[in-house]
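Trainee: Got a file for you: work.pdb, PDB, C-alpha atoms.
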ATOM      1  CA  MET S   1     113.125  -5.239  71.530
ATOM      2  CA  LEU S   2     111.335  -2.372  69.748
ATOM      3  CA  ALA S   3     114.560  -0.354  69.690
ATOM      4  CA  ASP S   4     116.526  -3.220  68.135
ATOM      5  CA  LEU S   5     113.785  -3.832  65.583
ATOM      6  CA  THR S   6     113.708  -0.155  64.643
ATOM      7  CA  LEU S   7     117.482  -0.123  64.295
ATOM      8  CA  ALA S   8     117.372  -3.227  62.071
ATOM      9  CA  VAL S   9     114.755  -1.604  59.822
ATOM     10  CA  THR S  10     116.867   1.565  59.638
ATOM     11  CA  TRP S  11     119.930  -0.459  58.692
ATOM     12  CA  ALA S  12     117.945  -2.306  56.042
ATOM     13  CA  GLY S  13     116.996   1.075  54.559
ATOM     14  CA  LEU S  14     120.648   2.127  54.619
ATOM     15  CA  THR S  15     121.534  -1.086  52.801
ATOM     16  CA  CYS S  16     118.947  -0.381  50.109
ATOM     17  CA  TYR S  17     120.355   3.109  49.653
ATOM     18  CA  ALA S  18     123.878   1.727  49.321
ATOM     19  CA  LEU S  19     122.803  -0.838  46.719
ATOM     20  CA  PHE S  20     120.384   1.193  44.600
ATOM     21  CA  ALA S  21     121.616   4.778  44.871
ATOM     22  CA  GLY S  22     125.173   3.450  45.087
ATOM     23  CA  ALA S  23     124.831   1.928  41.634
ATOM     24  CA  ASP S  24     123.618   5.269  40.295
ATOM     25  CA  PHE S  25     126.554   7.112  41.851
ATOM     26  CA  GLY S  26     128.868   4.509  40.351
ATOM     27  CA  ALA S  27     127.319   5.031  36.928
ATOM     28  CA  GLY S  28     128.374   8.667  37.186
ATOM     29  CA  PHE S  29     131.878   7.513  38.078
ATOM     30  CA  TRP S  30     132.086   5.562  34.813
ATOM     31  CA  ASP S  31     130.541   8.493  32.956
ATOM     32  CA  LEU S  32     133.520  10.524  34.175
ATOM     33  CA  LEU S  33     135.996   7.923  32.871
ATOM     34  CA  ALA S  34     134.179   7.106  29.632
ATOM     35  CA  GLY S  35     136.628   9.089  27.504
ATOM     36  CA  ARG S  36     136.419  12.129  25.289
ATOM     37  CA  ASP S  37     133.340  13.123  23.323
ATOM     38  CA  THR S  38     133.316  10.707  20.387
ATOM     39  CA  ARG S  39     134.852   7.670  22.085
ATOM     40  CA  GLY S  40     132.849   8.039  25.275
ATOM     41  CA  LEU S  41     129.508   8.950  23.710
ATOM     42  CA  PRO S  42     128.116   5.373  23.423
ATOM     43  CA  GLN S  43     128.910   4.648  27.071
ATOM     44  CA  ARG S  44     127.470   7.956  28.272
ATOM     45  CA  ARG S  45     124.280   7.484  26.291
ATOM     46  CA  PHE S  46     123.920   3.954  27.627
ATOM     47  CA  ILE S  47     124.482   5.087  31.217
ATOM     48  CA  GLU S  48     121.955   7.882  30.797
ATOM     49  CA  HIS S  49     119.305   5.526  29.423
ATOM     50  CA  SER S  50     120.102   2.913  32.044
ATOM     51  CA  ILE S  51     119.743   5.022  35.168
ATOM     52  CA  GLY S  52     117.174   7.453  33.774
ATOM     53  CA  PRO S  53     114.012   5.662  34.952
ATOM     54  CA  VAL S  54     115.150   5.130  38.561
ATOM     55  CA  TRP S  55     117.742   7.698  39.631
ATOM     56  CA  GLU S  56     115.268   9.902  41.514
ATOM     57  CA  ALA S  57     113.430   7.015  43.173
ATOM     58  CA  ASN S  58     116.597   5.671  44.782
ATOM     59  CA  HIS S  59     116.907   8.650  47.142
ATOM     60  CA  VAL S  60     113.689   7.561  48.829
ATOM     61  CA  TRP S  61     115.882   5.293  50.931
ATOM     62  CA  LEU S  62     118.040   8.170  52.185
ATOM     63  CA  ILE S  63     114.960  10.090  53.296
ATOM     64  CA  PHE S  64     113.661   6.915  54.909
ATOM     65  CA  VAL S  65     116.863   6.447  56.932
ATOM     66  CA  LEU S  66     117.069  10.080  58.048
ATOM     67  CA  VAL S  67     113.425  10.269  59.133
ATOM     68  CA  LEU S  68     113.574   6.980  61.023
ATOM     69  CA  LEU S  69     116.835   7.956  62.722
ATOM     70  CA  TRP S  70     115.302  11.291  63.733
ATOM     71  CA  ALA S  71     112.132   9.718  65.097
ATOM     72  CA  GLY S  72     113.600   6.601  66.664
ATOM     73  CA  PHE S  73     117.043   7.729  67.846
ATOM     74  CA  SER S  74     116.927  11.504  68.045
ATOM     75  CA  PRO S  75     120.067  11.952  70.257
ATOM     76  CA  VAL S  76     122.138  10.118  67.639
ATOM     77  CA  PHE S  77     120.502  12.096  64.832
ATOM     78  CA  ALA S  78     121.316  15.374  66.597
ATOM     79  CA  ALA S  79     124.906  14.397  67.374
ATOM     80  CA  VAL S  80     125.708  13.158  63.869
ATOM     81  CA  LEU S  81     124.133  16.050  61.982
ATOM     82  CA  SER S  82     125.570  18.756  64.244
ATOM     83  CA  THR S  83     129.115  17.366  64.345
ATOM     84  CA  LEU S  84     129.326  16.123  60.762
ATOM     85  CA  TYR S  85     127.411  18.940  59.117
ATOM     86  CA  ILE S  86     130.289  19.809  56.744
ATOM     87  CA  PRO S  87     130.500  16.475  54.862
ATOM     88  CA  LEU S  88     126.717  16.041  55.083
ATOM     89  CA  THR S  89     126.175  19.475  53.533
ATOM     90  CA  LEU S  90     128.698  18.727  50.798
ATOM     91  CA  ALA S  91     126.983  15.393  50.113
ATOM     92  CA  ALA S  92     123.575  17.095  49.952
ATOM     93  CA  LEU S  93     124.906  19.722  47.552
ATOM     94  CA  GLY S  94     126.392  16.930  45.466
ATOM     95  CA  ILE S  95     123.037  15.154  45.260
ATOM     96  CA  ILE S  96     121.317  18.376  44.191
ATOM     97  CA  ALA S  97     123.990  19.347  41.646
ATOM     98  CA  ARG S  98     124.101  15.815  40.281
ATOM     99  CA  GLY S  99     120.362  15.656  39.707
ATOM    100  CA  ALA S 100     120.175  19.098  38.123
ATOM    101  CA  ALA S 101     123.151  18.426  35.852
ATOM    102  CA  PHE S 102     121.756  15.049  34.790
ATOM    103  CA  ALA S 103     118.471  16.662  33.753
ATOM    104  CA  PHE S 104     120.040  19.724  32.104
ATOM    105  CA  ARG S 105     122.610  17.729  30.111
ATOM    106  CA  LYS S 106     119.855  15.697  28.509
ATOM    107  CA  ALA S 107     117.938  18.858  27.571
ATOM    108  CA  SER S 108     120.961  20.805  26.316
ATOM    109  CA  VAL S 109     121.678  21.154  22.610
ATOM    110  CA  GLU S 110     124.965  23.089  22.713
ATOM    111  CA  LEU S 111     128.128  21.000  23.037
ATOM    112  CA  TRP S 112     129.683  23.276  25.674
ATOM    113  CA  GLN S 113     126.551  22.978  27.795
ATOM    114  CA  GLN S 114     126.561  19.209  27.530
ATOM    115  CA  ARG S 115     130.210  19.155  28.576
ATOM    116  CA  LEU S 116     129.613  21.485  31.518
ATOM    117  CA  PHE S 117     126.591  19.613  32.865
ATOM    118  CA  GLY S 118     128.222  16.262  32.141
ATOM    119  CA  ALA S 119     131.281  17.196  34.173
ATOM    120  CA  CYS S 120     129.088  18.413  37.042
ATOM    121  CA  PHE S 121     127.066  15.185  36.975
ATOM    122  CA  ALA S 122     130.142  12.983  36.931
ATOM    123  CA  LEU S 123     132.122  14.847  39.603
ATOM    124  CA  SER S 124     129.108  15.035  41.919
ATOM    125  CA  SER S 125     128.612  11.294  41.455
ATOM    126  CA  VAL S 126     132.105  10.719  42.851
ATOM    127  CA  LEU S 127     132.196  13.354  45.592
ATOM    128  CA  THR S 128     128.788  12.508  47.081
ATOM    129  CA  PRO S 129     129.548   8.880  48.032
ATOM    130  CA  PHE S 130     133.000   9.954  49.184
ATOM    131  CA  PHE S 131     131.588  12.420  51.698
ATOM    132  CA  LEU S 132     128.913   9.967  52.800
ATOM    133  CA  GLY S 133     131.716   7.468  53.377
ATOM    134  CA  THR S 134     133.614   9.980  55.511
ATOM    135  CA  VAL S 135     130.488  10.370  57.652
ATOM    136  CA  ALA S 136     130.382   6.608  58.190
ATOM    137  CA  GLY S 137     134.070   6.625  59.068
ATOM    138  CA  GLY S 138     133.629   9.419  61.588
ATOM    139  CA  VAL S 139     130.855   7.555  63.392
ATOM    140  CA  ALA S 140     132.630   4.197  63.229
ATOM    141  CA  SER S 141     135.889   5.566  64.604
ATOM    142  CA  GLY S 142     134.197   7.111  67.646
ATOM    143  CA  ARG S 143     134.720  10.736  66.688
ATOM    144  CA  VAL S 144     131.059  11.699  67.103
ATOM    145  CA  PRO S 145     130.264  11.971  70.815
ATOM    146  CA  ALA S 146     126.781  12.437  72.213
ATOM    147  CA  GLY S 147     125.532  16.012  72.390
ATOM    148  CA  ILE S 148     124.945  18.914  70.046
ATOM    149  CA  ALA S 149     128.148  19.649  68.093
ATOM    150  CA  ALA S 150     130.170  17.967  70.827
ATOM    151  CA  GLY S 151     132.725  16.635  68.368
ATOM    152  CA  ASP S 152     135.306  18.479  66.316
ATOM    153  CA  THR S 153     133.648  19.633  63.095
ATOM    154  CA  VAL S 154     136.793  19.027  61.015
ATOM    155  CA  THR S 155     138.735  16.099  62.457
ATOM    156  CA  SER S 156     135.492  14.159  62.949
ATOM    157  CA  TRP S 157     135.483  13.478  59.201
ATOM    158  CA  ALA S 158     138.994  14.464  58.084
ATOM    159  CA  ASN S 159     140.831  11.469  59.510
ATOM    160  CA  PRO S 160     142.310   8.168  58.252
ATOM    161  CA  THR S 161     139.224   6.027  58.931
ATOM    162  CA  SER S 162     136.912   8.534  57.270
ATOM    163  CA  PHE S 163     139.118   8.791  54.189
ATOM    164  CA  LEU S 164     139.210   5.001  54.040
ATOM    165  CA  GLY S 165     135.410   4.942  54.253
ATOM    166  CA  GLY S 166     135.142   7.553  51.504
ATOM    167  CA  VAL S 167     137.436   5.713  49.103
ATOM    168  CA  LEU S 168     135.724   2.373  49.777
ATOM    169  CA  ALA S 169     132.323   3.974  49.199
ATOM    170  CA  VAL S 170     133.402   5.333  45.800
ATOM    171  CA  LEU S 171     134.926   1.994  44.757
ATOM    172  CA  ALA S 172     131.931  -0.007  45.969
ATOM    173  CA  CYS S 173     129.555   2.247  44.029
ATOM    174  CA  ALA S 174     131.705   1.987  40.918
ATOM    175  CA  HIS S 175     131.826  -1.793  41.193
ATOM    176  CA  LEU S 176     128.075  -2.149  41.681
ATOM    177  CA  ALA S 177     127.344   0.094  38.715
ATOM    178  CA  ALA S 178     129.727  -1.740  36.407
ATOM    179  CA  VAL S 179     128.268  -5.122  37.372
ATOM    180  CA  TYR S 180     124.694  -3.922  36.901
ATOM    181  CA  LEU S 181     125.530  -2.288  33.567
ATOM    182  CA  CYS S 182     127.088  -5.536  32.295
ATOM    183  CA  GLN S 183     123.714  -7.255  32.494
ATOM    184  CA  ASP S 184     121.883  -4.268  31.027
ATOM    185  CA  ALA S 185     124.214  -4.209  28.046
ATOM    186  CA  ALA S 186     124.054  -7.980  27.574
ATOM    187  CA  ARG S 187     120.267  -7.951  27.728
ATOM    188  CA  GLY S 188     120.229  -5.205  25.107
ATOM    189  CA  GLY S 189     122.437  -7.282  22.818
ATOM    190  CA  ASP S 190     125.462  -4.970  22.955
ATOM    191  CA  ALA S 191     128.324  -7.388  23.525
ATOM    192  CA  ALA S 192     130.994  -4.691  23.118
ATOM    193  CA  LEU S 193     129.560  -2.526  25.889
ATOM    194  CA  ALA S 194     129.056  -5.574  28.107
ATOM    195  CA  ALA S 195     132.737  -6.453  27.687
ATOM    196  CA  GLN S 196     133.814  -2.900  28.505
ATOM    197  CA  PHE S 197     131.789  -2.785  31.698
ATOM    198  CA  ARG S 198     132.878  -6.292  32.651
ATOM    199  CA  ARG S 199     136.494  -5.133  32.508
ATOM    200  CA  ARG S 200     135.622  -2.121  34.653
ATOM    201  CA  ALA S 201     133.725  -4.314  37.116
ATOM    202  CA  VAL S 202     136.684  -6.654  37.536
ATOM    203  CA  LEU S 203     139.172  -3.813  37.970
ATOM    204  CA  SER S 204     136.994  -1.952  40.489
ATOM    205  CA  GLY S 205     136.370  -5.180  42.394
ATOM    206  CA  LEU S 206     140.091  -5.874  42.635
ATOM    207  CA  ALA S 207     140.747  -2.266  43.684
ATOM    208  CA  SER S 208     138.105  -2.558  46.404
ATOM    209  CA  GLY S 209     139.783  -5.682  47.738
ATOM    210  CA  VAL S 210     143.215  -4.068  47.781
ATOM    211  CA  VAL S 211     141.933  -0.962  49.598
ATOM    212  CA  ALA S 212     140.020  -3.102  52.097
ATOM    213  CA  LEU S 213     143.144  -5.118  52.882
ATOM    214  CA  ALA S 214     145.221  -1.961  53.259
ATOM    215  CA  GLY S 215     142.502  -0.546  55.499
ATOM    216  CA  ILE S 216     143.100  -3.259  58.095
ATOM    217  CA  ALA S 217     146.194  -1.435  59.326
ATOM    218  CA  ILE S 218     144.328   1.883  59.388
ATOM    219  CA  LEU S 219     141.466   0.493  61.462
ATOM    220  CA  HIS S 220     143.887  -1.242  63.823
ATOM    221  CA  GLU S 221     145.549   2.071  64.633
ATOM    222  CA  ASP S 222     142.722   4.575  64.215
ATOM    223  CA  ALA S 223     139.464   2.752  65.065
ATOM    224  CA  THR S 224     140.295   0.119  67.650
ATOM    225  CA  VAL S 225     136.705  -0.561  68.733
ATOM    226  CA  LEU S 226     135.593  -1.132  65.160
ATOM    227  CA  PHE S 227     138.656  -3.264  64.415
ATOM    228  CA  HIS S 228     137.987  -5.476  67.427
ATOM    229  CA  GLY S 229     134.357  -5.907  66.450
ATOM    230  CA  LEU S 230     135.190  -6.753  62.839
ATOM    231  CA  THR S 231     137.720  -9.381  63.889
ATOM    232  CA  HIS S 232     135.448 -10.960  66.493
ATOM    233  CA  ARG S 233     131.651 -10.618  66.496
ATOM    234  CA  ALA S 234     131.336  -9.459  62.886
ATOM    235  CA  LEU S 235     134.015 -11.759  61.449
ATOM    236  CA  PRO S 236     131.507 -14.160  59.786
ATOM    237  CA  LEU S 237     129.967 -11.257  57.872
ATOM    238  CA  VAL S 238     133.412 -10.043  56.822
ATOM    239  CA  VAL S 239     134.173 -13.528  55.509
ATOM    240  CA  VAL S 240     130.858 -13.607  53.631
ATOM    241  CA  SER S 241     131.702 -10.278  52.011
ATOM    242  CA  ALA S 242     135.168 -11.453  50.982
ATOM    243  CA  VAL S 243     133.919 -14.765  49.581
ATOM    244  CA  ALA S 244     131.092 -13.011  47.724
ATOM    245  CA  GLY S 245     133.549 -10.520  46.272
ATOM    246  CA  VAL S 246     135.793 -13.261  44.883
ATOM    247  CA  ALA S 247     132.803 -15.265  43.627
ATOM    248  CA  GLY S 248     131.461 -12.174  41.891
ATOM    249  CA  LEU S 249     134.706 -11.716  39.973
ATOM    250  CA  VAL S 250     134.610 -15.346  38.845
ATOM    251  CA  LEU S 251     131.003 -14.962  37.687
ATOM    252  CA  LEU S 252     131.903 -11.827  35.756
ATOM    253  CA  VAL S 253     134.764 -13.541  33.954
ATOM    254  CA  ARG S 254     132.375 -16.365  33.026
ATOM    255  CA  ASP S 255     129.753 -13.886  31.787
ATOM    256  CA  HIS S 256     127.141 -14.935  34.376
ATOM    257  CA  PHE S 257     125.992 -11.350  34.809
ATOM    258  CA  VAL S 258     122.655 -11.990  36.536
ATOM    259  CA  TRP S 259     124.275 -14.011  39.301
ATOM    260  CA  ALA S 260     127.152 -11.540  39.456
ATOM    261  CA  ARG S 261     124.644  -8.790  40.276
ATOM    262  CA  ALA S 262     123.241 -10.712  43.225
ATOM    263  CA  VAL S 263     126.662 -11.687  44.559
ATOM    264  CA  ALA S 264     128.058  -8.157  44.225
ATOM    265  CA  ALA S 265     125.071  -6.808  46.135
ATOM    266  CA  LEU S 266     125.624  -9.456  48.816
ATOM    267  CA  ALA S 267     129.287  -8.439  49.183
ATOM    268  CA  VAL S 268     128.410  -4.772  49.726
ATOM    269  CA  ALA S 269     125.479  -5.556  52.034
ATOM    270  CA  ALA S 270     127.578  -7.942  54.134
ATOM    271  CA  ILE S 271     130.326  -5.400  54.744
ATOM    272  CA  LEU S 272     127.731  -2.790  55.706
ATOM    273  CA  TRP S 273     126.068  -5.152  58.182
ATOM    274  CA  SER S 274     129.466  -6.195  59.525
ATOM    275  CA  TRP S 275     130.025  -2.561  60.521
ATOM    276  CA  GLY S 276     126.707  -2.557  62.368
ATOM    277  CA  ALA S 277     127.437  -5.874  64.072
ATOM    278  CA  ALA S 278     130.943  -4.755  65.043
ATOM    279  CA  GLN S 279     129.654  -1.592  66.697
ATOM    280  CA  TYR S 280     126.486  -2.999  68.302
ATOM    281  CA  PRO S 281     125.099  -2.225  70.870
ATOM    282  CA  ASN S 282     126.806   1.168  70.578
ATOM    283  CA  MET S 283     125.298   3.646  68.152
ATOM    284  CA  LEU S 284     127.904   6.235  69.064
ATOM    285  CA  VAL S 285     131.247   4.828  70.153
ATOM    286  CA  PRO S 286     132.166   4.341  72.922
ATOM    287  CA  SER S 287     129.167   4.632  75.236
ATOM    288  CA  THR S 288     125.874   5.648  73.592
ATOM    289  CA  THR S 289     123.964   2.398  73.229
ATOM    290  CA  VAL S 290     120.784   1.584  71.332
ATOM    291  CA  SER S 291     118.726   1.643  74.521
ATOM    292  CA  ASP S 292     120.263   4.971  75.594
ATOM    293  CA  ALA S 293     119.377   6.693  72.321
ATOM    294  CA  ALA S 294     116.022   5.073  71.569
ATOM    295  CA  SER S 295     112.740   6.950  71.841
ATOM    296  CA  THR S 296     109.968   5.673  74.078
ATOM    297  CA  ASP S 297     108.209   2.419  73.214
ATOM    298  CA  ALA S 298     105.081   4.344  72.227
ATOM    299  CA  VAL S 299     107.020   6.370  69.634
ATOM    300  CA  LEU S 300     108.868   3.323  68.307
ATOM    301  CA  ALA S 301     105.652   1.340  68.029
ATOM    302  CA  ALA S 302     103.970   4.191  66.135
ATOM    303  CA  CYS S 303     106.968   4.388  63.767
ATOM    304  CA  LEU S 304     106.932   0.665  63.067
ATOM    305  CA  ILE S 305     103.187   0.572  62.474
ATOM    306  CA  SER S 306     103.446   3.536  60.109
ATOM    307  CA  LEU S 307     106.288   1.833  58.274
ATOM    308  CA  ALA S 308     104.297  -1.371  57.877
ATOM    309  CA  VAL S 309     101.433   0.582  56.303
ATOM    310  CA  GLY S 310     103.789   2.609  54.120
ATOM    311  CA  PHE S 311     105.608  -0.472  52.901
ATOM    312  CA  LEU S 312     102.344  -1.822  51.509
ATOM    313  CA  LEU S 313     102.453   1.091  49.080
ATOM    314  CA  LEU S 314     106.190   1.672  48.662
ATOM    315  CA  VAL S 315     107.539  -1.815  48.057
ATOM    316  CA  PRO S 316     105.055  -2.856  45.325
ATOM    317  CA  SER S 317     105.544   0.507  43.600
ATOM    318  CA  LEU S 318     109.318   0.195  43.559
ATOM    319  CA  TRP S 319     109.090  -3.442  42.516
ATOM    320  CA  LEU S 320     106.879  -2.468  39.575
ATOM    321  CA  LEU S 321     109.265   0.328  38.607
ATOM    322  CA  TYR S 322     112.345  -1.875  38.622
ATOM    323  CA  ALA S 323     110.632  -4.890  37.053
ATOM    324  CA  THR S 324     109.190  -2.812  34.213
ATOM    325  CA  PHE S 325     112.598  -1.649  33.065
ATOM    326  CA  GLN S 326     114.260  -5.027  33.559
ATOM    327  CA  ARG S 327     111.980  -6.911  31.184
ATOM    328  CA  GLU S 328     113.186  -8.111  27.841
ATOM    329  CA  GLN S 329     112.311  -5.508  25.222
ATOM    330  CA  PRO S 330     110.835  -6.324  21.815
ATOM    331  CA  ALA S 331     113.266  -6.218  18.921
ATOM    332  CA  HIS S 332     111.701  -3.043  17.537
ATOM    333  CA  ALA S 333     111.817  -1.192  20.892
ATOM    334  CA  ASP S 334     114.169   1.706  21.336
ATOM    335  CA  ALA S 335     117.440   0.796  22.968
ATOM    336  CA  GLY S 336     118.299   2.015  26.428
ATOM    337  CA  THR S 337     115.144   1.342  28.417
ATOM    338  CA  ASP S 338     117.064  -0.565  31.055
ATOM    339  CA  SER S 339     117.883   0.436  34.589
ATOM    340  CA  THR S 340     120.708  -0.316  36.931
ATOM    341  CA  GLY S 341     118.186  -0.809  39.695
TER     342      GLY S 341
END
Can the structure from this file be put into structure tokens for me?

Mentor:
Amino acid sequence: MLADLTLAVTWAGLTCYALFAGADFGAGFWDLLAGRDTRGLPQRRFIEHSIGPVWEANHVWLIFVLVLLWAGFSPVFAAVLSTLYIPLTLAALGIIARGAAFAFRKASVELWQQRLFGACFALSSVLTPFFLGTVAGGVASGRVPAGIAAGDTVTSWANPTSFLGGVLAVLACAHLAAVYLCQDAARGGDAALAAQFRRRAVLSGLASGVVALAGIAILHEDATVLFHGLTHRALPLVVVSAVAGVAGLVLLVRDHFVWARAVAALAVAAILWSWGAAQYPNMLVPSTTVSDAASTDAVLAACLISLAVGFLLLVPSLWLLYATFQREQPAHADAGTDSTG
């Protein structure tokens, strides 16, 4: 029971990272496609103002997941990080380069510097979720066996399921960001920007659906355990994700941006939990179960108690951060104090 509870808390943290940090990564994706200097400047400035207050805070969830996985399921932590160290290292470098470029671009005064740091920020925003998606695909397809570096360090993440996971991760992040930015722009009174991001949200949502449908054949051939789980135990969650995705597109077309945010988040969260449900009770396919990998009850209990105490500080702080930058601003306030969070 303690092991399952710890796993559920870990998965909840992973979901928060996908929703909050995912939207920030997606904002960088749209920064990349905003257009050349003059035409893309309004969008880039809006994106910068929108994610500025929260982009660092969102990585708290990644640290949370890694620490809890290390403490609660150390054999899985060791196997994943030793086998998949290449994409994980590339993702970590992307996070570092993205953060540095985001800060330096804002402080730069020379045009060539702004272009250089802007390109680094945008490209890192795309590559980081892609590599994180390949990690998920490697685990889900059973290419990470138990043991230290027991799996192939290349084919464990360079395979059809991993590439599918990487592409879906990029599209999901782009969709979340576009949906969130629609509401930010509408709340700021910029109807033109809201319309631009609505169009991007619809297109990225449709692209996500097409890739997901095409991925059925890939999973059937390359990740049979995951495919079976998704079409049986996890099927209700898959249906929820699909219905939420369609409903989100309808809400976007009707300019119901607040509800579209919630529904888009539900669609991404449901597909993430469907992966967990499809694979459960295995943490590493095909034979490393939750009970096999879990630490002792004493360690799990200590982790959960520590988390309960920490959440008393963390959750109100994050709530205050997000709520502060989601409030309606006075008419004389400077534009761009929103957040995608």

Trainee: Can you spell out as a VMD selection string the set of residues that the PyMOL selection byres ((chain S and resi 22-31) around 6) selects in the structure I just provided?

Mentor: chain S and resid 18 to 21 32 to 34 44 122 125 to 126 173 to 174 176 to 177

Trainee: Compile the contact shell of range 252-262 of chain S as an MDAnalysis selection string: residues with an atom at most 12 Å away, counting only C-alpha atoms, same-chain residues fewer than 5 positions apart removed.

Mentor: chainID S and resid 19:20 23 175:187 191 194:203 205 244:247 267:269 326 340:341

Trainee: Hey, which of S:Ala265, S:Val9, S:Leu219, S:Ile148 ends up closest to Ala79 in chain S? Count all atoms listed in the file.

Mentor: S:Ile148

Trainee: How would you write, as a short mmCIF file (atom, residue, chain, number, x, y, z; two decimals) with C-alpha atoms, in the frame of the given file, the residues chosen by the PyMOL selection byres ((chain S and resi 60-64) around 9) on this structure?

Mentor:
data_model
loop_
_atom_site.label_atom_id
_atom_site.label_comp_id
_atom_site.auth_asym_id
_atom_site.auth_seq_id
_atom_site.Cartn_x
_atom_site.Cartn_y
_atom_site.Cartn_z
CA THR S 10 116.87 1.56 59.64
CA GLY S 13 117.00 1.08 54.56
CA LEU S 14 120.65 2.13 54.62
CA THR S 15 121.53 -1.09 52.80
CA CYS S 16 118.95 -0.38 50.11
CA TYR S 17 120.36 3.11 49.65
CA ALA S 18 123.88 1.73 49.32
CA PHE S 20 120.38 1.19 44.60
CA ALA S 21 121.62 4.78 44.87
CA GLU S 56 115.27 9.90 41.51
CA ALA S 57 113.43 7.02 43.17
CA ASN S 58 116.60 5.67 44.78
CA HIS S 59 116.91 8.65 47.14
CA VAL S 65 116.86 6.45 56.93
CA LEU S 66 117.07 10.08 58.05
CA VAL S 67 113.42 10.27 59.13
CA LEU S 68 113.57 6.98 61.02
CA LEU S 69 116.84 7.96 62.72
#

Trainee: Using only C-alpha atoms, can you tell me which of S:Gly94, S:Pro53, S:Pro42, S:Pro286 comes closest to Leu320 in chain S?

Mentor: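 With only C-alpha atoms as the atom set, the closest residue is S:Pro53.
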
Trainee: The PyMOL selection byres ((chain S and resi 71) around 8) on the file shown: which residues, as a ChimeraX atom specification?

Mentor: /S:67-70,72-74,295,299-300,303

Trainee: Restricting the calculation to only C-alpha atoms: of S:Gly40, S:Pro75, S:Pro281, S:Gly142, which residue gets closest to Arg115 in chain S?

Mentor: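 Once distances to Arg115 in chain S are computed over only C-alpha atoms, the minimum belongs to S:Gly40.
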
Trainee: Expressed in Å to a single decimal, how great is the separation between CA of Pro316 in chain S and CA of Ala264 in chain S?

Mentor: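 Taking CA of Pro316 in chain S as the start and CA of Ala264 in chain S as the end point, the length is 23.6 Å.
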
Trainee: Find the axis-aligned box for range 141-155 of chain S, covering all its listed atoms and adding 3 Å on each side, and write its centre and edge lengths in Å to one decimal as lines of an AutoDock Vina configuration file.

Mentor:
center_x = 131.8
center_y = 12.6
center_z = 66.7
size_x = 19.8
size_y = 20.1
size_z = 17.4

Trainee: I'd like the interatomic distance between CA of Val239 in chain S and CA of Gly165 in chain S, to a tenth of an Å.

Mentor: 18.6 Å

Trainee: Please compute the CA of Phe227 in chain S-CA of Ala92 in chain S distance, one decimal, in Å.

Mentor: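 Those two atoms sit 29.2 Å apart.
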
Trainee: Ranking S:Trp275, S:Trp55, S:Trp112, S:Phe163 by minimum distance to Leu127 in chain S and counting all atoms listed in the file, which one comes first?

Mentor: S:Phe163

Trainee: So, counting all atoms listed in the file, which residue among S:Ala207, S:Gly188, S:Ala302, S:Gly229 is closest to Phe46 in chain S?

Mentor: S:Gly188

Trainee: Excluding same-chain residues fewer than 4 positions from Ala158 in chain S, what lies within 12 Å of it counting all atoms listed in the file, as a ChimeraX atom specification?

Mentor: /S:84,86-87,130-131,133-139,141,143,152-154,162-166
